[in-house]
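Engineer: What follows is the file work.tsv, containing TSV, C-alpha atoms and all ligand atoms:
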chain	number	residue	atom	x	y	z
A	1	MET	CA	0.00	0.00	0.00
A	2	PHE	CA	1.23	3.49	-0.85
A	3	VAL	CA	0.38	6.66	1.00
A	4	THR	CA	1.51	10.22	0.44
A	5	PHE	CA	3.04	12.39	3.15
A	6	GLY	CA	3.85	15.90	2.00
A	7	GLY	CA	4.29	14.76	-1.57
A	8	ASN	CA	6.62	11.85	-0.78
A	9	MET	CA	5.55	8.31	-1.51
A	10	GLN	CA	5.93	5.89	1.36
A	11	ASN	CA	5.53	2.13	1.22
A	12	THR	CA	3.74	1.19	4.40
A	13	SER	CA	4.10	-2.52	3.70
A	14	ARG	CA	7.93	-2.01	3.62
A	15	GLN	CA	8.28	-4.66	0.97
A	16	LYS	CA	8.18	-4.05	-2.72
A	17	LYS	CA	10.35	-1.37	-4.28
A	18	HIS	CA	9.12	-0.42	-7.70
A	19	ILE	CA	10.64	2.06	-10.16
A	20	LEU	CA	9.25	3.32	-13.45
A	21	VAL	CA	11.78	4.05	-16.21
A	22	LEU	CA	10.46	6.30	-18.95
A	23	ASN	CA	12.14	7.19	-22.23
A	24	GLY	CA	10.77	9.90	-24.46
A	25	PRO	CA	10.84	10.65	-28.16
A	26	ASN	CA	13.45	9.19	-30.48
A	27	LEU	CA	15.05	7.09	-27.76
A	28	ASN	CA	13.61	4.03	-29.54
A	29	LEU	CA	16.25	4.86	-32.17
A	30	LEU	CA	19.17	4.32	-29.80
A	31	GLY	CA	21.87	2.34	-31.52
A	32	ARG	CA	21.28	3.86	-34.94
A	33	ARG	CA	20.61	7.47	-33.95
A	34	GLU	CA	23.69	9.74	-34.04
A	35	PRO	CA	25.90	7.05	-32.45
A	36	ASN	CA	28.70	9.58	-31.97
A	37	ILE	CA	26.39	11.29	-29.46
A	38	TYR	CA	24.15	8.52	-28.12
A	39	GLY	CA	26.38	5.47	-28.50
A	40	HIS	CA	25.84	2.10	-30.14
A	41	GLU	CA	23.65	0.38	-27.57
A	42	THR	CA	19.98	-0.04	-28.32
A	43	LEU	CA	17.16	0.81	-25.94
A	44	LYS	CA	16.65	-2.93	-25.48
A	45	ASP	CA	20.30	-3.22	-24.37
A	46	VAL	CA	19.76	-0.42	-21.87
A	47	GLU	CA	16.59	-1.97	-20.50
A	48	GLN	CA	18.26	-5.38	-20.15
A	49	LEU	CA	21.14	-3.83	-18.22
A	50	LEU	CA	18.69	-2.10	-15.91
A	51	HIS	CA	16.63	-5.23	-15.31
A	52	THR	CA	19.79	-7.14	-14.36
A	53	GLN	CA	20.85	-4.35	-12.01
A	54	ALA	CA	17.35	-4.15	-10.56
A	55	SER	CA	17.21	-7.82	-9.69
A	56	THR	CA	20.55	-7.48	-7.86
A	57	LEU	CA	19.16	-4.53	-5.93
A	58	GLY	CA	15.86	-6.24	-5.17
A	59	VAL	CA	13.83	-3.69	-7.08
A	60	THR	CA	11.14	-4.26	-9.67
A	61	LEU	CA	11.28	-2.15	-12.81
A	62	GLU	CA	8.91	-1.17	-15.53
A	63	CYS	CA	10.54	0.31	-18.65
A	64	LYS	CA	8.47	2.20	-21.19
A	65	GLN	CA	9.22	4.39	-24.19
A	66	SER	CA	6.98	6.66	-26.22
A	67	ASN	CA	7.28	9.31	-28.87
A	68	ARG	CA	3.97	10.80	-27.68
A	69	GLU	CA	3.85	13.42	-24.97
A	70	TYR	CA	0.35	12.45	-23.80
A	71	GLU	CA	1.36	8.82	-23.37
A	72	LEU	CA	4.30	9.74	-21.15
A	73	ILE	CA	1.97	11.97	-19.12
A	74	GLU	CA	-0.57	9.16	-18.70
A	75	TRP	CA	2.16	6.78	-17.51
A	76	VAL	CA	3.32	9.35	-14.97
A	77	HIS	CA	-0.28	9.61	-13.71
A	78	GLU	CA	-0.65	5.82	-13.49
A	79	ALA	CA	2.63	5.52	-11.58
A	80	VAL	CA	0.95	7.04	-8.55
A	81	ASN	CA	-0.51	3.59	-7.87
A	82	ASN	CA	2.69	1.61	-7.81
A	83	ALA	CA	6.02	3.44	-8.29
A	84	GLN	CA	8.10	5.00	-5.55
A	85	MET	CA	10.50	6.63	-8.01
A	86	ILE	CA	10.59	7.54	-11.68
A	87	ILE	CA	13.71	7.66	-13.84
A	88	ILE	CA	12.99	9.64	-16.96
A	89	ASN	CA	14.91	10.54	-20.06
A	90	PRO	CA	12.39	12.97	-21.53
A	91	GLY	CA	14.34	13.36	-24.77
A	92	ALA	CA	13.48	16.66	-26.42
A	93	PHE	CA	10.41	17.07	-24.17
A	94	ALA	CA	12.87	18.18	-21.50
A	95	HIS	CA	13.28	21.39	-23.45
A	96	THR	CA	9.65	21.94	-24.42
A	97	SER	CA	7.11	20.30	-22.15
A	98	VAL	CA	5.37	22.29	-19.46
A	99	ALA	CA	2.73	19.53	-19.53
A	100	LEU	CA	5.20	16.81	-18.55
A	101	ARG	CA	6.54	19.07	-15.79
A	102	ASP	CA	3.00	19.60	-14.50
A	103	ALA	CA	2.31	15.86	-14.57
A	104	LEU	CA	5.40	15.12	-12.48
A	105	LEU	CA	4.53	17.91	-10.08
A	106	GLY	CA	0.95	16.68	-9.99
A	107	VAL	CA	1.75	13.15	-8.84
A	108	GLY	CA	4.59	14.20	-6.53
A	109	ILE	CA	6.62	11.05	-7.20
A	110	PRO	CA	10.33	11.80	-6.79
A	111	PHE	CA	12.24	11.41	-10.04
A	112	TYR	CA	15.68	11.55	-11.61
A	113	GLU	CA	16.17	13.11	-15.02
A	114	VAL	CA	18.69	11.36	-17.26
A	115	HIS	CA	20.33	12.55	-20.46
A	116	ILE	CA	22.75	10.31	-22.29
A	117	SER	CA	24.63	13.25	-23.75
A	118	ASN	CA	26.01	16.27	-21.94
A	119	ILE	CA	23.24	18.69	-22.85
A	120	TYR	CA	25.34	21.64	-21.64
A	121	ARG	CA	27.98	20.93	-24.27
A	122	ARG	CA	25.43	20.97	-27.08
A	123	GLU	CA	23.14	23.53	-28.75
A	124	ALA	CA	21.90	26.35	-26.52
A	125	PHE	CA	18.27	25.21	-26.84
A	126	ARG	CA	19.22	21.99	-25.01
A	127	HIS	CA	20.64	23.82	-22.01
A	128	HIS	CA	17.26	24.42	-20.39
A	129	SER	CA	15.11	21.63	-19.02
A	130	TYR	CA	11.56	22.15	-17.77
A	131	LEU	CA	12.08	19.21	-15.41
A	132	ALA	CA	15.52	19.83	-13.93
A	133	ASP	CA	14.55	22.15	-11.07
A	134	ILE	CA	11.83	19.80	-9.81
A	135	ALA	CA	13.93	16.62	-10.17
A	136	GLU	CA	15.71	15.02	-7.21
A	137	GLY	CA	18.75	14.99	-9.47
A	138	VAL	CA	19.90	15.28	-13.06
A	139	ILE	CA	22.44	13.02	-14.75
A	140	SER	CA	23.80	14.22	-18.07
A	141	GLY	CA	26.75	13.20	-20.20
A	142	PHE	CA	27.54	9.76	-18.77
A	143	GLY	CA	26.24	7.84	-21.77
A	144	ILE	CA	23.91	4.96	-20.99
A	145	TYR	CA	25.79	4.51	-17.71
A	146	GLY	CA	23.67	7.46	-16.57
A	147	TYR	CA	20.66	5.15	-16.32
A	148	GLU	CA	22.59	2.76	-14.08
A	149	LEU	CA	23.70	5.64	-11.87
A	150	ALA	CA	20.12	6.82	-11.64
A	151	LEU	CA	18.85	3.36	-10.71
A	152	ALA	CA	21.46	2.94	-7.98
A	153	ALA	CA	20.60	6.38	-6.60
A	154	ALA	CA	16.86	5.77	-6.83
A	155	ASN	CA	17.21	2.55	-4.88
A	156	ARG	CA	19.12	4.36	-2.14
A	157	LEU	CA	16.60	7.17	-2.02
A	158	ILE	CA	13.72	4.70	-1.64
A	159	ASP	CA	15.59	2.87	1.12
A	160	SER	CA	16.22	6.12	2.99
A	161	THR	CA	12.52	7.04	2.69
A	162	LEU	CA	11.43	3.62	3.97
A	163	GLU	CA	13.76	3.87	6.96
A	164	LYS	CA	12.03	7.04	8.19
B	201	LIG	C1	17.99	12.97	-25.73
B	201	LIG	C2	17.32	13.66	-26.68
B	201	LIG	O1	16.46	13.03	-27.50
B	201	LIG	C3	17.55	15.08	-26.91
B	201	LIG	O2	16.43	15.74	-27.41
B	201	LIG	C4	18.06	15.78	-25.65
B	201	LIG	C5	18.82	13.64	-24.71
B	201	LIG	C6	19.24	15.03	-25.07
B	201	LIG	C7	19.93	12.74	-24.22
B	201	LIG	O3	21.08	13.16	-24.16
B	201	LIG	O4	19.63	11.60	-23.82
B	201	LIG	O5	18.41	17.09	-25.95
Can you present the structure in this file as structure tokens?
Ligand code: DHK
Structural biologist:
Amino acid sequence: MFVTFGGNMQNTSRQKKHILVLNGPNLNLLGRREPNIYGHETLKDVEQLLHTQASTLGVTLECKQSNREYELIEWVHEAVNNAQMIIINPGAFAHTSVALRDALLGVGIPFYEVHISNIYRREAFRHHSYLADIAEGVISGFGIYGYELALAAANRLIDSTLEK
């Protein structure tokens, strides 16, 4: 059972740890998309890595990708029923979507924002994220390793919340 205290999710059963991993537009093209920037691994490779890491950590994961803003928003809304943390690579929606920001604010689930590339070393329009200031943390420029860092950190954050 999940209850909300001041916007933070708490698992009163102290058992299952569940994390939602969301990838936004064009991340389905990982592996073939600008490999000099995004690397050679596919999204499937990334998700497999995360599932392996999750089972070691004792966390369950749900990984989803969409090119549609509304779909990502609906998944954020649905996460209120089962996820204690969200890891999201919003793709270009980071730089455009007030609606995705509002959805994350609306559910109050803590989240980490991940970017494969270092967005601050790229075009100026990528330097601003509508999510960054409401995220627990932002990881940018570590390649796909950024997802693994986010998962490790999310697991620790959930543990620290459950201990309280
Ligand atoms: C992915 C995208 O699709 C871009 O629109 C962002 C981000 C950067 C990434 O580095 O993962 O600007």
Engineer: Within 9 Å of ligand LIG 201 (chain B) (counting all atoms listed in the file), which residues show up? I'd like them as a PDB file with C-alpha atoms, in the coordinates of the input.
Structural biologist:
ATOM      1  CA  ASN A  23      12.140   7.190 -22.230  1.00  0.00           C
ATOM      2  CA  GLY A  24      10.770   9.900 -24.460  1.00  0.00           C
ATOM      3  CA  PRO A  25      10.840  10.650 -28.160  1.00  0.00           C
ATOM      4  CA  ASN A  26      13.450   9.190 -30.480  1.00  0.00           C
ATOM      5  CA  LEU A  27      15.050   7.090 -27.760  1.00  0.00           C
ATOM      6  CA  ILE A  37      26.390  11.290 -29.460  1.00  0.00           C
ATOM      7  CA  TYR A  38      24.150   8.520 -28.120  1.00  0.00           C
ATOM      8  CA  ASN A  89      14.910  10.540 -20.060  1.00  0.00           C
ATOM      9  CA  PRO A  90      12.390  12.970 -21.530  1.00  0.00           C
ATOM     10  CA  GLY A  91      14.340  13.360 -24.770  1.00  0.00           C
ATOM     11  CA  ALA A  92      13.480  16.660 -26.420  1.00  0.00           C
ATOM     12  CA  PHE A  93      10.410  17.070 -24.170  1.00  0.00           C
ATOM     13  CA  ALA A  94      12.870  18.180 -21.500  1.00  0.00           C
ATOM     14  CA  HIS A  95      13.280  21.390 -23.450  1.00  0.00           C
ATOM     15  CA  VAL A 114      18.690  11.360 -17.260  1.00  0.00           C
ATOM     16  CA  HIS A 115      20.330  12.550 -20.460  1.00  0.00           C
ATOM     17  CA  ILE A 116      22.750  10.310 -22.290  1.00  0.00           C
ATOM     18  CA  SER A 117      24.630  13.250 -23.750  1.00  0.00           C
ATOM     19  CA  ASN A 118      26.010  16.270 -21.940  1.00  0.00           C
ATOM     20  CA  ILE A 119      23.240  18.690 -22.850  1.00  0.00           C
ATOM     21  CA  ARG A 122      25.430  20.970 -27.080  1.00  0.00           C
ATOM     22  CA  GLU A 123      23.140  23.530 -28.750  1.00  0.00           C
ATOM     23  CA  PHE A 125      18.270  25.210 -26.840  1.00  0.00           C
ATOM     24  CA  ARG A 126      19.220  21.990 -25.010  1.00  0.00           C
ATOM     25  CA  HIS A 127      20.640  23.820 -22.010  1.00  0.00           C
ATOM     26  CA  SER A 129      15.110  21.630 -19.020  1.00  0.00           C
ATOM     27  CA  SER A 140      23.800  14.220 -18.070  1.00  0.00           C
ATOM     28  CA  GLY A 141      26.750  13.200 -20.200  1.00  0.00           C
ATOM     29  CA  GLY A 143      26.240   7.840 -21.770  1.00  0.00           C
ATOM     30  CA  ILE A 144      23.910   4.960 -20.990  1.00  0.00           C
TER      31      ILE A 144
END
Engineer: Counting only C-alpha atoms, which residues sit no farther than 10 Å from the position (11.5, 21.0, -13.4) in the file's frame? I'd like them as a CSV table (one decimal) with C-alpha atoms, in the coordinates of the input.
Structural biologist:
chain,number,residue,atom,x,y,z
A,94,ALA,CA,12.9,18.2,-21.5
A,97,SER,CA,7.1,20.3,-22.2
A,98,VAL,CA,5.4,22.3,-19.5
A,100,LEU,CA,5.2,16.8,-18.6
A,101,ARG,CA,6.5,19.1,-15.8
A,102,ASP,CA,3.0,19.6,-14.5
A,104,LEU,CA,5.4,15.1,-12.5
A,105,LEU,CA,4.5,17.9,-10.1
A,113,GLU,CA,16.2,13.1,-15.0
A,128,HIS,CA,17.3,24.4,-20.4
A,129,SER,CA,15.1,21.6,-19.0
A,130,TYR,CA,11.6,22.2,-17.8
A,131,LEU,CA,12.1,19.2,-15.4
A,132,ALA,CA,15.5,19.8,-13.9
A,133,ASP,CA,14.6,22.2,-11.1
A,134,ILE,CA,11.8,19.8,-9.8
A,135,ALA,CA,13.9,16.6,-10.2
A,136,GLU,CA,15.7,15.0,-7.2
Engineer: Which polymer residues have any atom within 6 Å of an atom of segment 82-88 of chain A, counting all atoms listed in the file, with same-chain residues fewer than 5 positions away left out, as a PDB file with C-alpha atoms, keeping the file's coordinate frame?
Structural biologist:
ATOM      1  CA  MET A   9       5.550   8.310  -1.510  1.00  0.00           C
ATOM      2  CA  HIS A  18       9.120  -0.420  -7.700  1.00  0.00           C
ATOM      3  CA  ILE A  19      10.640   2.060 -10.160  1.00  0.00           C
ATOM      4  CA  LEU A  20       9.250   3.320 -13.450  1.00  0.00           C
ATOM      5  CA  VAL A  21      11.780   4.050 -16.210  1.00  0.00           C
ATOM      6  CA  LEU A  22      10.460   6.300 -18.950  1.00  0.00           C
ATOM      7  CA  ASN A  23      12.140   7.190 -22.230  1.00  0.00           C
ATOM      8  CA  ILE A 109       6.620  11.050  -7.200  1.00  0.00           C
ATOM      9  CA  PRO A 110      10.330  11.800  -6.790  1.00  0.00           C
ATOM     10  CA  PHE A 111      12.240  11.410 -10.040  1.00  0.00           C
ATOM     11  CA  TYR A 112      15.680  11.550 -11.610  1.00  0.00           C
ATOM     12  CA  GLU A 113      16.170  13.110 -15.020  1.00  0.00           C
ATOM     13  CA  VAL A 114      18.690  11.360 -17.260  1.00  0.00           C
TER      14      VAL A 114
END
Engineer: What is the distance between atom CA of Ile73 of chain A and atom CA of Leu151 of chain A, in Å to one decimal?
Structural biologist: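 Going from atom CA of Ile73 of chain A over to atom CA of Leu151 of chain A, I get 20.7 Å.
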Engineer: Please, what distance in Å, to one decimal, runs between atom CA of Asn28 of chain A and atom CA of Glu41 of chain A?
Structural biologist: 10.9 Å
Engineer: Can I get a file of segment 66-151 of chain A from the given structure, C-alpha atoms kept, as a PDB file, in the first residue's frame?
Structural biologist:
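Saved as selection23.pdb:
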ATOM      1  CA  SER A  66       6.976   6.660 -26.215  1.00  0.00           C
ATOM      2  CA  ASN A  67       7.278   9.312 -28.870  1.00  0.00           C
ATOM      3  CA  ARG A  68       3.974  10.804 -27.683  1.00  0.00           C
ATOM      4  CA  GLU A  69       3.851  13.419 -24.971  1.00  0.00           C
ATOM      5  CA  TYR A  70       0.352  12.453 -23.798  1.00  0.00           C
ATOM      6  CA  GLU A  71       1.364   8.824 -23.365  1.00  0.00           C
ATOM      7  CA  LEU A  72       4.295   9.740 -21.146  1.00  0.00           C
ATOM      8  CA  ILE A  73       1.972  11.966 -19.120  1.00  0.00           C
ATOM      9  CA  GLU A  74      -0.572   9.155 -18.700  1.00  0.00           C
ATOM     10  CA  TRP A  75       2.159   6.780 -17.512  1.00  0.00           C
ATOM     11  CA  VAL A  76       3.320   9.352 -14.969  1.00  0.00           C
ATOM     12  CA  HIS A  77      -0.276   9.610 -13.709  1.00  0.00           C
ATOM     13  CA  GLU A  78      -0.649   5.824 -13.490  1.00  0.00           C
ATOM     14  CA  ALA A  79       2.630   5.516 -11.579  1.00  0.00           C
ATOM     15  CA  VAL A  80       0.950   7.037  -8.546  1.00  0.00           C
ATOM     16  CA  ASN A  81      -0.515   3.587  -7.872  1.00  0.00           C
ATOM     17  CA  ASN A  82       2.688   1.612  -7.809  1.00  0.00           C
ATOM     18  CA  ALA A  83       6.023   3.436  -8.286  1.00  0.00           C
ATOM     19  CA  GLN A  84       8.101   5.004  -5.551  1.00  0.00           C
ATOM     20  CA  MET A  85      10.499   6.630  -8.011  1.00  0.00           C
ATOM     21  CA  ILE A  86      10.587   7.539 -11.680  1.00  0.00           C
ATOM     22  CA  ILE A  87      13.705   7.662 -13.842  1.00  0.00           C
ATOM     23  CA  ILE A  88      12.991   9.645 -16.964  1.00  0.00           C
ATOM     24  CA  ASN A  89      14.911  10.540 -20.063  1.00  0.00           C
ATOM     25  CA  PRO A  90      12.391  12.968 -21.534  1.00  0.00           C
ATOM     26  CA  GLY A  91      14.340  13.359 -24.773  1.00  0.00           C
ATOM     27  CA  ALA A  92      13.476  16.657 -26.424  1.00  0.00           C
ATOM     28  CA  PHE A  93      10.411  17.075 -24.173  1.00  0.00           C
ATOM     29  CA  ALA A  94      12.871  18.178 -21.502  1.00  0.00           C
ATOM     30  CA  HIS A  95      13.285  21.391 -23.450  1.00  0.00           C
ATOM     31  CA  THR A  96       9.648  21.942 -24.420  1.00  0.00           C
ATOM     32  CA  SER A  97       7.110  20.300 -22.152  1.00  0.00           C
ATOM     33  CA  VAL A  98       5.375  22.290 -19.458  1.00  0.00           C
ATOM     34  CA  ALA A  99       2.729  19.532 -19.530  1.00  0.00           C
ATOM     35  CA  LEU A 100       5.204  16.807 -18.547  1.00  0.00           C
ATOM     36  CA  ARG A 101       6.543  19.066 -15.791  1.00  0.00           C
ATOM     37  CA  ASP A 102       3.003  19.599 -14.505  1.00  0.00           C
ATOM     38  CA  ALA A 103       2.305  15.856 -14.571  1.00  0.00           C
ATOM     39  CA  LEU A 104       5.404  15.118 -12.478  1.00  0.00           C
ATOM     40  CA  LEU A 105       4.526  17.914 -10.077  1.00  0.00           C
ATOM     41  CA  GLY A 106       0.946  16.682  -9.987  1.00  0.00           C
ATOM     42  CA  VAL A 107       1.751  13.149  -8.843  1.00  0.00           C
ATOM     43  CA  GLY A 108       4.587  14.198  -6.534  1.00  0.00           C
ATOM     44  CA  ILE A 109       6.617  11.047  -7.197  1.00  0.00           C
ATOM     45  CA  PRO A 110      10.328  11.797  -6.792  1.00  0.00           C
ATOM     46  CA  PHE A 111      12.242  11.410 -10.036  1.00  0.00           C
ATOM     47  CA  TYR A 112      15.682  11.551 -11.608  1.00  0.00           C
ATOM     48  CA  GLU A 113      16.167  13.105 -15.025  1.00  0.00           C
ATOM     49  CA  VAL A 114      18.695  11.360 -17.258  1.00  0.00           C
ATOM     50  CA  HIS A 115      20.331  12.553 -20.457  1.00  0.00           C
ATOM     51  CA  ILE A 116      22.747  10.306 -22.291  1.00  0.00           C
ATOM     52  CA  SER A 117      24.633  13.251 -23.746  1.00  0.00           C
ATOM     53  CA  ASN A 118      26.010  16.269 -21.937  1.00  0.00           C
ATOM     54  CA  ILE A 119      23.237  18.688 -22.847  1.00  0.00           C
ATOM     55  CA  TYR A 120      25.339  21.644 -21.645  1.00  0.00           C
ATOM     56  CA  ARG A 121      27.979  20.927 -24.271  1.00  0.00           C
ATOM     57  CA  ARG A 122      25.425  20.967 -27.085  1.00  0.00           C
ATOM     58  CA  GLU A 123      23.145  23.533 -28.746  1.00  0.00           C
ATOM     59  CA  ALA A 124      21.904  26.349 -26.520  1.00  0.00           C
ATOM     60  CA  PHE A 125      18.268  25.213 -26.838  1.00  0.00           C
ATOM     61  CA  ARG A 126      19.217  21.994 -25.010  1.00  0.00           C
ATOM     62  CA  HIS A 127      20.640  23.823 -22.005  1.00  0.00           C
ATOM     63  CA  HIS A 128      17.258  24.422 -20.394  1.00  0.00           C
ATOM     64  CA  SER A 129      15.108  21.629 -19.016  1.00  0.00           C
ATOM     65  CA  TYR A 130      11.562  22.151 -17.770  1.00  0.00           C
ATOM     66  CA  LEU A 131      12.082  19.211 -15.414  1.00  0.00           C
ATOM     67  CA  ALA A 132      15.517  19.833 -13.926  1.00  0.00           C
ATOM     68  CA  ASP A 133      14.545  22.146 -11.073  1.00  0.00           C
ATOM     69  CA  ILE A 134      11.832  19.797  -9.812  1.00  0.00           C
ATOM     70  CA  ALA A 135      13.931  16.618 -10.173  1.00  0.00           C
ATOM     71  CA  GLU A 136      15.715  15.021  -7.210  1.00  0.00           C
ATOM     72  CA  GLY A 137      18.749  14.994  -9.466  1.00  0.00           C
ATOM     73  CA  VAL A 138      19.897  15.276 -13.058  1.00  0.00           C
ATOM     74  CA  ILE A 139      22.443  13.017 -14.751  1.00  0.00           C
ATOM     75  CA  SER A 140      23.800  14.217 -18.070  1.00  0.00           C
ATOM     76  CA  GLY A 141      26.752  13.197 -20.198  1.00  0.00           C
ATOM     77  CA  PHE A 142      27.541   9.756 -18.770  1.00  0.00           C
ATOM     78  CA  GLY A 143      26.242   7.845 -21.766  1.00  0.00           C
ATOM     79  CA  ILE A 144      23.912   4.960 -20.986  1.00  0.00           C
ATOM     80  CA  TYR A 145      25.792   4.514 -17.706  1.00  0.00           C
ATOM     81  CA  GLY A 146      23.669   7.463 -16.569  1.00  0.00           C
ATOM     82  CA  TYR A 147      20.655   5.146 -16.322  1.00  0.00           C
ATOM     83  CA  GLU A 148      22.589   2.757 -14.076  1.00  0.00           C
ATOM     84  CA  LEU A 149      23.704   5.642 -11.867  1.00  0.00           C
ATOM     85  CA  ALA A 150      20.117   6.824 -11.636  1.00  0.00           C
ATOM     86  CA  LEU A 151      18.854   3.357 -10.712  1.00  0.00           C
TER      87      LEU A 151
END
